[in-house]
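Note sheet for the following structure.
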Amino acid sequence: MRVSILISLLILLCSCGEGRKTPEGYIEECYGGDFSRNMIGKTPNYSAVLDLETSKWEELRNTLKNFANENRLRFFEDIRQNDSLNMFNVSLCSKDGLWINADKRIWTVGDSPEHIPMPLMIRVQVYKNTEKWASISDSLNSILVKNWPNDLNTEHGYTSSYKNSLY
């Protein structure tokens with residue numbers, strides 16, 4: 001009896017993990033340190049759907065990284081491809097009031113077919129210094145249209161606003 005309790009306790013302790021932590025600097029750079037004040041209830045300034053296969057995600061990642069460098073933005077990525085989750089989540093940020101996020105998640109559970117609830121969404125949120133970021137959406141859109149003219153849709157019909165969550 002004691003051995004089975006000890007084994008159960010060890011299994012429970014070993015299965016606990018920290019999970020993924022928010023990258024250092026992300027909250028300060030992307031939300032100006034205050035997600036609730038700067039993001040909740042806000043509607044993106046720009047929103048697009050990009051219909052890409054997972055094989056094209058690396059090309060999009062590189063395009064966004066170059067865009068971040070050209071515009072002096074911090075670049076954050078969380079890209080995963082494993083048995084249960086294919087995820088593309090890239091953010092380009094400035095604590096001066098800008099958050100650009102591209103996000104797509106495809107889940108697979110056991111033998112069930114892939115669960116693809118939302119398309120790859122690209123959003124721009126300007127939460128301060130509006131004048132400084134006045135042309136950023138147009139600049140981003142131009143690059144996306146240039147690279148994926150038949151796959152980008154800004155008239156997609158999806159609406160979103162940020163809820164009480166970091167993602």
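Residue numbers start at 1 in each chain; chains themselves are named A, B, ... in the order of the structure tokens; ligands are numbered from 1 in the order shown.
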
Can you pull out the residues contacting region 93-103 of chain A? Cut-off 7 Å, using only C-alpha atoms, and skip same-chain residues under 4 positions away; I want them as number ranges by chain. A: 28-32, 73-75, 88-89, 120-129

Residues flagged strand (DSSP E or B) by DSSP in chain A, as a PyMOL selection string: chain A and resi 40+46-50+74-81+85-94+98-107+115+121-126+152-153+162

Please provide the set of residues having any atom within 7 Å of Phe76 (chain A), restricted to only C-alpha atoms, with same-chain residues fewer than 3 positions apart removed, written as a VMD selection string. chain A and resid 90 to 92

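Compared by their closest atoms to Gly157 (chain A), and using only C-alpha atoms, the residues A:Ala48, A:Leu64, A:Val109, A:Leu144 rank with A:Ala48 nearest.
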
Listing only residues of region 35-119 of chain A within 9 Å of region 149-155 of chain A, what is the closest atom pair and its distance in Å (to one decimal) for each, using only C-alpha atoms, sorted by chain and residue number ascending, as CSV?
```
residue,atom,partner,partner_atom,distance
A:Tyr46,CA,A:Thr154,CA,8.2
A:Ser47,CA,A:Thr154,CA,6.3
A:Ala48,CA,A:Thr154,CA,4.4
A:Val49,CA,A:Asn153,CA,5.1
A:Leu50,CA,A:Leu152,CA,4.6
A:Asp51,CA,A:Asp151,CA,5.0
A:Leu52,CA,A:Asp151,CA,6.9
```

Could you please take those selected residues and save N, CA and C atoms as a PDB file, in the first residue's frame?
```pdb
ATOM      1  N   TYR A  46      -5.445  46.962 -37.688  1.00  0.00           N
ATOM      2  CA  TYR A  46      -5.305  46.233 -38.955  1.00  0.00           C
ATOM      3  C   TYR A  46      -5.518  44.763 -38.647  1.00  0.00           C
ATOM      4  N   SER A  47      -6.216  44.091 -39.538  1.00  0.00           N
ATOM      5  CA  SER A  47      -6.461  42.664 -39.366  1.00  0.00           C
ATOM      6  C   SER A  47      -6.501  42.009 -40.740  1.00  0.00           C
ATOM      7  N   ALA A  48      -5.754  40.917 -40.868  1.00  0.00           N
ATOM      8  CA  ALA A  48      -5.723  40.197 -42.142  1.00  0.00           C
ATOM      9  C   ALA A  48      -5.661  38.704 -41.876  1.00  0.00           C
ATOM     10  N   VAL A  49      -6.152  37.955 -42.833  1.00  0.00           N
ATOM     11  CA  VAL A  49      -6.035  36.501 -42.832  1.00  0.00           C
ATOM     12  C   VAL A  49      -5.044  36.152 -43.934  1.00  0.00           C
ATOM     13  N   LEU A  50      -4.077  35.306 -43.585  1.00  0.00           N
ATOM     14  CA  LEU A  50      -3.093  34.851 -44.555  1.00  0.00           C
ATOM     15  C   LEU A  50      -3.224  33.339 -44.658  1.00  0.00           C
ATOM     16  N   ASP A  51      -3.661  32.861 -45.805  1.00  0.00           N
ATOM     17  CA  ASP A  51      -3.929  31.443 -46.024  1.00  0.00           C
ATOM     18  C   ASP A  51      -2.665  30.742 -46.497  1.00  0.00           C
ATOM     19  N   LEU A  52      -1.867  30.273 -45.525  1.00  0.00           N
ATOM     20  CA  LEU A  52      -0.598  29.622 -45.847  1.00  0.00           C
ATOM     21  C   LEU A  52      -0.558  28.204 -45.298  1.00  0.00           C
TER      22      LEU A  52
END
```

Where does DSSP see alpha helix (DSSP H) in chain A, if you list the residues as a ChimeraX atom specification? /A:2-15,26-31,35-38,57-70,136-147

Write out, as a PDB file, in the first residue's frame, the residues just selected, with C-alpha atoms.
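Once everything was written out, this is result_15.pdb:
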```pdb
ATOM      1  CA  ARG A   2       2.736   2.467   0.965  1.00  0.00           C
ATOM      2  CA  VAL A   3       4.704   1.617  -2.158  1.00  0.00           C
ATOM      3  CA  SER A   4       1.721   2.357  -4.433  1.00  0.00           C
ATOM      4  CA  ILE A   5       1.096   5.671  -2.660  1.00  0.00           C
ATOM      5  CA  LEU A   6       4.777   6.575  -2.998  1.00  0.00           C
ATOM      6  CA  ILE A   7       4.781   5.664  -6.700  1.00  0.00           C
ATOM      7  CA  SER A   8       1.596   7.676  -7.290  1.00  0.00           C
ATOM      8  CA  LEU A   9       3.097  10.658  -5.488  1.00  0.00           C
ATOM      9  CA  LEU A  10       6.308  10.433  -7.532  1.00  0.00           C
ATOM     10  CA  ILE A  11       4.363  10.243 -10.801  1.00  0.00           C
ATOM     11  CA  LEU A  12       2.307  13.265  -9.786  1.00  0.00           C
ATOM     12  CA  LEU A  13       5.393  15.296  -8.849  1.00  0.00           C
ATOM     13  CA  CYS A  14       7.264  14.331 -12.023  1.00  0.00           C
ATOM     14  CA  SER A  15       4.346  15.281 -14.236  1.00  0.00           C
ATOM     15  CA  TYR A  26       7.605  40.523 -23.944  1.00  0.00           C
ATOM     16  CA  ILE A  27       5.023  42.135 -21.671  1.00  0.00           C
ATOM     17  CA  GLU A  28       6.907  45.432 -21.452  1.00  0.00           C
ATOM     18  CA  GLU A  29       7.674  45.601 -25.178  1.00  0.00           C
ATOM     19  CA  CYS A  30       4.378  44.323 -26.551  1.00  0.00           C
ATOM     20  CA  TYR A  31       1.826  45.718 -24.098  1.00  0.00           C
ATOM     21  CA  PHE A  35      -2.133  44.360 -20.933  1.00  0.00           C
ATOM     22  CA  SER A  36      -5.376  45.315 -19.159  1.00  0.00           C
ATOM     23  CA  ARG A  37      -5.031  49.041 -19.809  1.00  0.00           C
ATOM     24  CA  ASN A  38      -3.552  48.900 -23.289  1.00  0.00           C
ATOM     25  CA  TRP A  57       5.573  29.417 -42.140  1.00  0.00           C
ATOM     26  CA  GLU A  58       9.359  29.789 -42.217  1.00  0.00           C
ATOM     27  CA  GLU A  59       9.081  32.219 -45.130  1.00  0.00           C
ATOM     28  CA  LEU A  60       6.517  34.268 -43.202  1.00  0.00           C
ATOM     29  CA  ARG A  61       8.706  34.165 -40.088  1.00  0.00           C
ATOM     30  CA  ASN A  62      11.668  35.533 -42.055  1.00  0.00           C
ATOM     31  CA  THR A  63       9.542  38.225 -43.695  1.00  0.00           C
ATOM     32  CA  LEU A  64       8.243  39.385 -40.316  1.00  0.00           C
ATOM     33  CA  LYS A  65      11.717  39.279 -38.759  1.00  0.00           C
ATOM     34  CA  ASN A  66      13.048  41.492 -41.577  1.00  0.00           C
ATOM     35  CA  PHE A  67      10.102  43.857 -41.128  1.00  0.00           C
ATOM     36  CA  ALA A  68      10.848  44.038 -37.388  1.00  0.00           C
ATOM     37  CA  ASN A  69      14.500  44.851 -38.042  1.00  0.00           C
ATOM     38  CA  GLU A  70      13.660  47.525 -40.633  1.00  0.00           C
ATOM     39  CA  ILE A 136       2.919  50.837 -40.077  1.00  0.00           C
ATOM     40  CA  SER A 137      -0.242  48.931 -41.089  1.00  0.00           C
ATOM     41  CA  ASP A 138       0.075  50.065 -44.703  1.00  0.00           C
ATOM     42  CA  SER A 139       3.772  49.145 -44.750  1.00  0.00           C
ATOM     43  CA  LEU A 140       3.061  45.689 -43.377  1.00  0.00           C
ATOM     44  CA  ASN A 141       0.155  45.168 -45.747  1.00  0.00           C
ATOM     45  CA  SER A 142       2.323  46.134 -48.748  1.00  0.00           C
ATOM     46  CA  ILE A 143       4.936  43.514 -47.858  1.00  0.00           C
ATOM     47  CA  LEU A 144       2.305  40.829 -47.279  1.00  0.00           C
ATOM     48  CA  VAL A 145       0.559  41.624 -50.588  1.00  0.00           C
ATOM     49  CA  LYS A 146       3.897  41.582 -52.407  1.00  0.00           C
ATOM     50  CA  ASN A 147       4.821  38.155 -51.033  1.00  0.00           C
TER      51      ASN A 147
END
```
